[in-house]
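Undergrad: target_34.pdb is reproduced in full below (PDB, C-alpha atoms).
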ATOM      1  CA  MET A 736      13.455  27.842  17.840
ATOM      2  CA  SER A 737      16.776  28.657  16.165
ATOM      3  CA  ALA A 738      19.007  27.815  19.142
ATOM      4  CA  THR A 739      21.800  25.295  18.734
ATOM      5  CA  CYS A 740      21.294  22.221  20.870
ATOM      6  CA  VAL A 741      23.184  19.182  22.155
ATOM      7  CA  ILE A 742      21.315  16.159  23.522
ATOM      8  CA  LEU A 743      23.164  13.212  25.042
ATOM      9  CA  ASP A 744      22.455   9.636  26.007
ATOM     10  CA  ILE A 745      23.395   8.517  29.517
ATOM     11  CA  GLY A 746      24.474   4.858  29.651
ATOM     12  CA  GLY A 747      27.654   4.327  27.654
ATOM     13  CA  VAL A 748      28.069   8.078  27.123
ATOM     14  CA  LEU A 749      27.745  10.155  30.300
ATOM     15  CA  GLU A 750      28.063   6.984  32.355
ATOM     16  CA  ILE A 751      30.665   4.287  31.746
ATOM     17  CA  THR A 752      28.700   1.059  32.112
ATOM     18  CA  PRO A 753      30.683  -2.133  31.443
ATOM     19  CA  GLU A 754      28.954  -5.435  32.101
ATOM     20  CA  THR A 755      29.620  -6.659  35.624
ATOM     21  CA  GLY A 756      28.397 -10.248  35.212
ATOM     22  CA  TRP A 757      25.884  -9.832  38.024
ATOM     23  CA  VAL A 758      23.087 -11.772  36.325
ATOM     24  CA  ARG A 759      25.285 -14.819  35.742
ATOM     25  CA  ARG A 760      26.503 -14.714  39.344
ATOM     26  CA  TRP A 761      22.900 -14.833  40.536
ATOM     27  CA  GLU A 762      22.127 -17.726  38.217
ATOM     28  CA  GLU A 763      25.096 -19.615  39.631
ATOM     29  CA  ARG A 764      24.037 -18.795  43.190
ATOM     30  CA  LEU A 765      20.483 -19.973  42.514
ATOM     31  CA  LEU A 766      21.621 -22.993  40.467
ATOM     32  CA  LEU A 767      19.744 -21.740  37.419
ATOM     33  CA  PRO A 768      20.689 -22.408  33.783
ATOM     34  CA  LEU A 769      22.359 -19.599  31.854
ATOM     35  CA  GLY A 770      19.771 -17.101  30.612
ATOM     36  CA  THR A 771      17.061 -18.042  33.112
ATOM     37  CA  VAL A 772      16.956 -14.711  34.950
ATOM     38  CA  ASN A 773      16.381 -12.593  31.867
ATOM     39  CA  GLU A 774      13.949 -15.144  30.438
ATOM     40  CA  ARG A 775      11.812 -15.022  33.575
ATOM     41  CA  MET A 776      12.132 -11.272  34.007
ATOM     42  CA  ARG A 777      11.956 -10.107  30.372
ATOM     43  CA  ASP A 778       8.469  -8.598  30.520
ATOM     44  CA  VAL A 779       9.263  -6.961  33.861
ATOM     45  CA  TRP A 780      12.425  -5.366  32.451
ATOM     46  CA  ARG A 781      10.385  -4.159  29.491
ATOM     47  CA  ALA A 782       7.629  -2.739  31.680
ATOM     48  CA  GLY A 783      10.181  -0.972  33.863
ATOM     49  CA  SER A 784      11.757   0.671  30.844
ATOM     50  CA  VAL A 785       8.491   2.284  29.711
ATOM     51  CA  GLY A 786       6.929   3.071  33.057
ATOM     52  CA  GLY A 787       4.478   0.186  33.083
ATOM     53  CA  ILE A 788       5.440  -0.992  36.563
ATOM     54  CA  SER A 789       6.498   0.606  39.851
ATOM     55  CA  GLU A 790       9.743  -0.095  41.698
ATOM     56  CA  GLN A 791       7.780  -1.893  44.408
ATOM     57  CA  GLU A 792       6.143  -4.101  41.792
ATOM     58  CA  VAL A 793       9.554  -4.864  40.278
ATOM     59  CA  HIS A 794      10.750  -6.034  43.695
ATOM     60  CA  GLU A 795       7.648  -8.176  44.135
ATOM     61  CA  GLN A 796       8.110  -9.798  40.722
ATOM     62  CA  VAL A 797      11.794 -10.492  41.401
ATOM     63  CA  ALA A 798      10.834 -12.229  44.635
ATOM     64  CA  THR A 799       8.063 -14.272  43.022
ATOM     65  CA  ARG A 800       9.779 -15.257  39.787
ATOM     66  CA  LEU A 801      13.213 -16.028  41.218
ATOM     67  CA  GLY A 802      12.148 -17.310  44.625
ATOM     68  CA  LEU A 803      14.091 -14.727  46.618
ATOM     69  CA  ASP A 804      13.463 -13.511  50.134
ATOM     70  CA  GLY A 805      13.429  -9.825  51.066
ATOM     71  CA  ALA A 806      17.138  -9.522  51.773
ATOM     72  CA  GLN A 807      18.003 -11.346  48.553
ATOM     73  CA  VAL A 808      15.740  -9.068  46.531
ATOM     74  CA  GLU A 809      17.496  -6.012  47.943
ATOM     75  CA  SER A 810      20.883  -7.514  47.095
ATOM     76  CA  PHE A 811      19.721  -8.499  43.598
ATOM     77  CA  MET A 812      18.433  -5.008  42.863
ATOM     78  CA  ALA A 813      21.576  -3.417  44.294
ATOM     79  CA  ASP A 814      23.618  -5.456  41.805
ATOM     80  CA  LEU A 815      21.308  -4.352  38.986
ATOM     81  CA  TRP A 816      21.763  -0.687  39.864
ATOM     82  CA  THR A 817      25.529  -1.022  40.279
ATOM     83  CA  GLU A 818      25.845  -2.075  36.632
ATOM     84  CA  TYR A 819      23.128   0.301  35.421
ATOM     85  CA  LEU A 820      24.703   3.389  37.012
ATOM     86  CA  GLY A 821      28.320   2.494  36.237
ATOM     87  CA  THR A 822      30.748   5.333  36.869
ATOM     88  CA  ALA A 823      30.763   8.945  35.728
ATOM     89  CA  ASN A 824      32.425   9.842  32.430
ATOM     90  CA  ASP A 825      33.989  12.830  34.175
ATOM     91  CA  GLU A 826      35.841  14.225  31.157
ATOM     92  CA  LEU A 827      32.719  14.470  29.025
ATOM     93  CA  ILE A 828      30.545  15.648  31.913
ATOM     94  CA  ASP A 829      33.013  18.437  32.690
ATOM     95  CA  TYR A 830      33.053  19.473  29.019
ATOM     96  CA  VAL A 831      29.255  19.559  28.839
ATOM     97  CA  ARG A 832      29.145  21.567  32.053
ATOM     98  CA  GLY A 833      31.264  24.179  30.294
ATOM     99  CA  LEU A 834      28.657  24.459  27.520
ATOM    100  CA  ARG A 835      25.923  25.801  29.762
ATOM    101  CA  GLY A 836      24.789  29.166  28.462
ATOM    102  CA  LYS A 837      26.336  28.516  25.029
ATOM    103  CA  CYS A 838      23.639  26.184  23.685
ATOM    104  CA  ARG A 839      20.524  24.299  24.768
ATOM    105  CA  LEU A 840      21.406  21.078  26.605
ATOM    106  CA  GLY A 841      19.342  17.952  27.112
ATOM    107  CA  ILE A 842      19.465  14.243  27.849
ATOM    108  CA  LEU A 843      17.469  11.478  26.141
ATOM    109  CA  SER A 844      17.856   8.092  27.799
ATOM    110  CA  ASN A 845      16.341   4.651  27.585
ATOM    111  CA  SER A 846      15.922   4.066  31.275
ATOM    112  CA  PHE A 847      14.385   1.996  34.067
ATOM    113  CA  VAL A 848      11.934   2.986  36.775
ATOM    114  CA  GLY A 849      13.933   4.556  39.605
ATOM    115  CA  ALA A 850      16.704   5.889  37.368
ATOM    116  CA  ARG A 851      15.969   9.591  37.776
ATOM    117  CA  GLU A 852      16.179   9.519  41.550
ATOM    118  CA  ARG A 853      19.419   7.537  41.595
ATOM    119  CA  GLU A 854      21.148   9.457  38.806
ATOM    120  CA  THR A 855      20.137  12.772  40.309
ATOM    121  CA  THR A 856      21.591  11.754  43.674
ATOM    122  CA  LEU A 857      24.767  10.244  42.240
ATOM    123  CA  TYR A 858      25.568  12.387  39.198
ATOM    124  CA  HIS A 859      23.360  15.525  39.422
ATOM    125  CA  PHE A 860      22.425  15.358  35.743
ATOM    126  CA  ASP A 861      19.502  17.636  36.559
ATOM    127  CA  GLU A 862      22.069  20.390  37.168
ATOM    128  CA  LEU A 863      24.058  19.547  34.027
ATOM    129  CA  VAL A 864      21.296  19.987  31.420
ATOM    130  CA  GLU A 865      18.003  21.814  31.057
ATOM    131  CA  GLN A 866      15.851  18.771  30.380
ATOM    132  CA  ILE A 867      16.087  15.012  30.908
ATOM    133  CA  VAL A 868      13.744  12.764  28.939
ATOM    134  CA  TYR A 869      13.587   9.240  30.382
ATOM    135  CA  SER A 870      11.853   6.415  28.526
ATOM    136  CA  HIS A 871      10.238   5.124  31.717
ATOM    137  CA  GLU A 872       8.594   8.521  32.208
ATOM    138  CA  ILE A 873       7.305   9.099  28.658
ATOM    139  CA  GLY A 874       6.501   5.460  27.849
ATOM    140  CA  ILE A 875       8.579   5.502  24.645
ATOM    141  CA  GLU A 876      12.069   4.127  24.005
ATOM    142  CA  LYS A 877      14.678   4.997  21.402
ATOM    143  CA  PRO A 878      14.809   4.310  18.496
ATOM    144  CA  ASP A 879      11.133   5.312  18.288
ATOM    145  CA  LEU A 880      11.099   8.670  16.487
ATOM    146  CA  LEU A 881       8.630  10.020  19.042
ATOM    147  CA  ALA A 882      11.320   9.781  21.726
ATOM    148  CA  PHE A 883      13.567  12.135  19.764
ATOM    149  CA  GLU A 884      10.657  14.453  19.070
ATOM    150  CA  ALA A 885       9.958  14.649  22.809
ATOM    151  CA  ALA A 886      13.566  15.676  23.388
ATOM    152  CA  PHE A 887      13.866  18.494  20.870
ATOM    153  CA  THR A 888      10.348  19.846  21.230
ATOM    154  CA  GLY A 889      10.754  19.969  24.993
ATOM    155  CA  LEU A 890      13.775  22.215  24.508
ATOM    156  CA  ASP A 891      11.951  24.306  21.878
ATOM    157  CA  VAL A 892      14.624  23.751  19.217
ATOM    158  CA  ARG A 893      14.504  22.683  15.602
ATOM    159  CA  PRO A 894      15.707  19.100  15.053
ATOM    160  CA  GLU A 895      18.225  20.157  12.402
ATOM    161  CA  ASN A 896      19.896  22.454  14.946
ATOM    162  CA  CYS A 897      20.261  19.618  17.412
ATOM    163  CA  LEU A 898      23.223  17.245  17.753
ATOM    164  CA  PHE A 899      22.374  13.918  19.405
ATOM    165  CA  ILE A 900      25.109  11.755  20.970
ATOM    166  CA  ASP A 901      24.541   8.026  21.552
ATOM    167  CA  ASP A 902      26.667   4.871  21.739
ATOM    168  CA  ALA A 903      24.133   2.752  19.803
ATOM    169  CA  ALA A 904      24.224   2.987  16.010
ATOM    170  CA  ALA A 905      20.490   2.238  15.716
ATOM    171  CA  ASN A 906      19.683   5.259  17.866
ATOM    172  CA  VAL A 907      22.045   7.479  15.890
ATOM    173  CA  GLU A 908      20.346   6.457  12.655
ATOM    174  CA  ALA A 909      16.909   7.026  14.188
ATOM    175  CA  ALA A 910      17.889  10.498  15.375
ATOM    176  CA  ARG A 911      18.881  11.350  11.810
ATOM    177  CA  ALA A 912      15.574   9.974  10.562
ATOM    178  CA  ALA A 913      13.886  12.350  13.025
ATOM    179  CA  GLY A 914      15.694  15.251  11.350
ATOM    180  CA  MET A 915      18.479  15.690  13.900
ATOM    181  CA  GLN A 916      22.206  15.588  13.452
ATOM    182  CA  ALA A 917      23.794  12.711  15.330
ATOM    183  CA  HIS A 918      27.161  11.348  16.389
ATOM    184  CA  LEU A 919      28.050   7.786  17.374
ATOM    185  CA  PHE A 920      29.919   7.930  20.670
ATOM    186  CA  GLU A 921      33.154   5.936  20.561
ATOM    187  CA  ASP A 922      35.435   8.009  22.747
ATOM    188  CA  ASN A 923      35.580  11.401  24.429
ATOM    189  CA  VAL A 924      38.112  12.942  22.064
ATOM    190  CA  ARG A 925      36.047  12.477  18.909
ATOM    191  CA  THR A 926      32.801  13.306  20.666
ATOM    192  CA  ILE A 927      34.083  16.567  22.119
ATOM    193  CA  ALA A 928      35.521  17.517  18.734
ATOM    194  CA  ARG A 929      32.155  16.782  17.069
ATOM    195  CA  ILE A 930      30.260  18.886  19.599
ATOM    196  CA  ALA A 931      32.730  21.746  19.211
ATOM    197  CA  ALA A 932      32.357  21.653  15.420
ATOM    198  CA  HIS A 933      28.572  21.648  15.778
ATOM    199  CA  LEU A 934      28.660  24.716  17.991
ATOM    200  CA  ASP A 935      31.232  26.530  15.855
ATOM    201  CA  ALA A 936      29.141  26.054  12.734
ATOM    202  CA  GLY A 937      25.786  26.718  14.351
ATOM    203  CA  HIS A 938      25.000  23.324  12.926
ATOM    204  CA  SER A 939      27.165  21.086  10.729
ATOM    205  CA  ALA A 940      26.488  18.678   7.912
ATOM    206  CA  PRO A 941      25.443  15.208   9.075
ATOM    207  CA  GLU A 942      28.272  12.712   9.326
ATOM    208  CA  ARG A 943      28.279   9.119   8.177
ATOM    209  CA  LEU A 944      28.627   6.204  10.532
ATOM    210  CA  PRO A 945      32.004   4.423  10.269
ATOM    211  CA  LEU A 946      31.912   1.288   8.152
ATOM    212  CA  GLY A 947      32.494  -2.112   9.679
TER
END
Written as C-alpha cells, that's how I'd like the structure from this file.
TA:
Amino acid sequence: MSATCVILDIGGVLEITPETGWVRRWEERLLLPLGTVNERMRDVWRAGSVGGISEQEVHEQVATRLGLDGAQVESFMADLWTEYLGTANDELIDYVRGLRGKCRLGILSNSFVGARERETTLYHFDELVEQIVYSHEIGIEKPDLLAFEAAFTGLDVRPENCLFIDDAAANVEAARAAGMQAHLFEDNVRTIARIAAHLDAGHSAPERLPLG
C-alpha cells in the first residue's frame, strides 16, 4: 500500500462542462417560471446521483412532473446529457494517459445514473485509469469522507500517498480531512505541475487553498 496515487474528478476537470442554459430554455418552452424544473425534479436528481432510481424511472418522472410526451422526454434528457458530458479536457487527459505505469490512477466522481455508459463510450475513461468510483454506483457523494475512502481503498493505496484533484473547494477540503493530499483544479498548467511534483516527491506536503 505504499504506491503513489492520483485520483481525479470528472466534471470540471477531465470534462469541460460550462452551463448551457438548457433548463431555462425548457422552462421558457413550457411557459414555466424560472426555477420550476429543478424544484419539481429535485428529489429525482438527488436519487439519480446516489443510485436510488433507474434511468427508465427518471424518464417516467420527467414525463409526469413536467407534462412531456415521449419525444419531448428524449429531447429533454439529451439536453441534460449534453451539458453533463461537456467536452474532453484533452490536454489533461493526454497527460494522465502518460502516467499509466508510473503511479496508481483513479477517478472519483459525483455522477448521475447512466454516466458510466455514456462516459465510457464518449471518453473511454475506463481505459485511462484503473478504477472509477461513481456516486450513483456506491450511493455516496463527495464530500462524504466515505466516498474518498472508497476511492483509495479500492486502489489499495494509503490516503497520504494519494493526490486528489477536484474543481470544488469543499471536495478538496474533504479529501484532506480523509487523509489525502488534494489540489483545487483551476487550470491545466497548475494541475499538471502539482501532479508532477507529487510524483517526483513520492508525496508532497499538502498545499493551502488560495484565499479569496
Undergrad: Convert the output of the PyMOL selection byres ((chain A and resi 903) around 12) on the shown file into explicit residues, formatted as a list in words.
TA: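 When the PyMOL selection byres ((chain A and resi 903) around 12) is applied, the selected residues are Leu743, Asp744, Ile745, Gly746, Gly747, Val748, Ser844, Asn845, Lys877, Pro878, Phe899, Ile900, Asp901, Asp902, Ala904, Ala905, Asn906, Val907, Glu908, Ala909, Ala910, Ala917, His918, Leu919, Phe920, Glu921 and Leu944 of chain A.
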Undergrad: Report as a PDB file with C-alpha atoms, in the frame of the given file the full result of the PyMOL selection byres ((chain A and resi 892-898) around 8) when it is applied to this structure.
TA:
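As written to disk, part28.pdb reads:
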ATOM      1  CA  MET A 736      13.455  27.842  17.840  1.00  0.00           C
ATOM      2  CA  SER A 737      16.776  28.657  16.165  1.00  0.00           C
ATOM      3  CA  ALA A 738      19.007  27.815  19.142  1.00  0.00           C
ATOM      4  CA  THR A 739      21.800  25.295  18.734  1.00  0.00           C
ATOM      5  CA  CYS A 740      21.294  22.221  20.870  1.00  0.00           C
ATOM      6  CA  VAL A 741      23.184  19.182  22.155  1.00  0.00           C
ATOM      7  CA  ILE A 742      21.315  16.159  23.522  1.00  0.00           C
ATOM      8  CA  GLU A 884      10.657  14.453  19.070  1.00  0.00           C
ATOM      9  CA  PHE A 887      13.866  18.494  20.870  1.00  0.00           C
ATOM     10  CA  THR A 888      10.348  19.846  21.230  1.00  0.00           C
ATOM     11  CA  GLY A 889      10.754  19.969  24.993  1.00  0.00           C
ATOM     12  CA  LEU A 890      13.775  22.215  24.508  1.00  0.00           C
ATOM     13  CA  ASP A 891      11.951  24.306  21.878  1.00  0.00           C
ATOM     14  CA  PHE A 899      22.374  13.918  19.405  1.00  0.00           C
ATOM     15  CA  ILE A 900      25.109  11.755  20.970  1.00  0.00           C
ATOM     16  CA  ALA A 913      13.886  12.350  13.025  1.00  0.00           C
ATOM     17  CA  GLY A 914      15.694  15.251  11.350  1.00  0.00           C
ATOM     18  CA  MET A 915      18.479  15.690  13.900  1.00  0.00           C
ATOM     19  CA  GLN A 916      22.206  15.588  13.452  1.00  0.00           C
ATOM     20  CA  ALA A 917      23.794  12.711  15.330  1.00  0.00           C
ATOM     21  CA  HIS A 918      27.161  11.348  16.389  1.00  0.00           C
ATOM     22  CA  ILE A 930      30.260  18.886  19.599  1.00  0.00           C
ATOM     23  CA  HIS A 933      28.572  21.648  15.778  1.00  0.00           C
ATOM     24  CA  GLY A 937      25.786  26.718  14.351  1.00  0.00           C
ATOM     25  CA  HIS A 938      25.000  23.324  12.926  1.00  0.00           C
TER      26      HIS A 938
END
Undergrad: Take CA of Glu852 (chain A) and CA of Cys838 (chain A) and report the distance between them in Å, one decimal.
TA: 25.5 Å
Undergrad: What would the selection look like, as number ranges by chain, if the PyMOL selection byres ((chain A and resi 819-826) around 8) were run on the coordinates I just shared?
TA: A: 746, 748-753, 815-818, 827-830, 854, 858, 923
Undergrad: For region 775-782 of chain A, list every protein, DNA or RNA residue within 8 Å, evaluated using only C-alpha atoms, and leave out those in the same chain fewer than 2 positions away; present the list as JSON, numbers by chain.
TA: {"A": [771, 772, 773, 784, 785, 786, 787, 788, 793, 796, 797, 800, 801, 847]}
Undergrad: Grab the CA of Ser789 (chain A) to CA of Glu774 (chain A) distance for me, in Å with one decimal place.
TA: 19.8 Å
Undergrad: Find the distance between CA of Gly802 (chain A) and CA of Ala850 (chain A) and write it in Å to one decimal.
TA: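 So the two atoms, CA of Gly802 (chain A) and CA of Ala850 (chain A), lie 24.7 Å apart.
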Undergrad: So that I can check the surroundings of Arg835 (chain A), please list as a tab-separated table (two decimals) with C-alpha atoms, in the frame of the given file every protein, DNA and RNA residue that reaches within 10 Å of it, counting only C-alpha atoms and ignoring chain neighbours fewer than 4 positions away.
TA:
chain	number	residue	atom	x	y	z
A	830	TYR	CA	33.05	19.47	29.02
A	831	VAL	CA	29.26	19.56	28.84
A	839	ARG	CA	20.52	24.30	24.77
A	840	LEU	CA	21.41	21.08	26.60
A	862	GLU	CA	22.07	20.39	37.17
A	863	LEU	CA	24.06	19.55	34.03
A	864	VAL	CA	21.30	19.99	31.42
A	865	GLU	CA	18.00	21.81	31.06
Undergrad: So, counting only C-alpha atoms, which residue among A:Leu934, A:Leu880, A:Leu769, A:Ile927 is closest to Arg911 (chain A)?
TA: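 Of A:Leu934, A:Leu880, A:Leu769, A:Ile927, the one nearest Arg911 (chain A) is A:Leu880, counting only C-alpha atoms.
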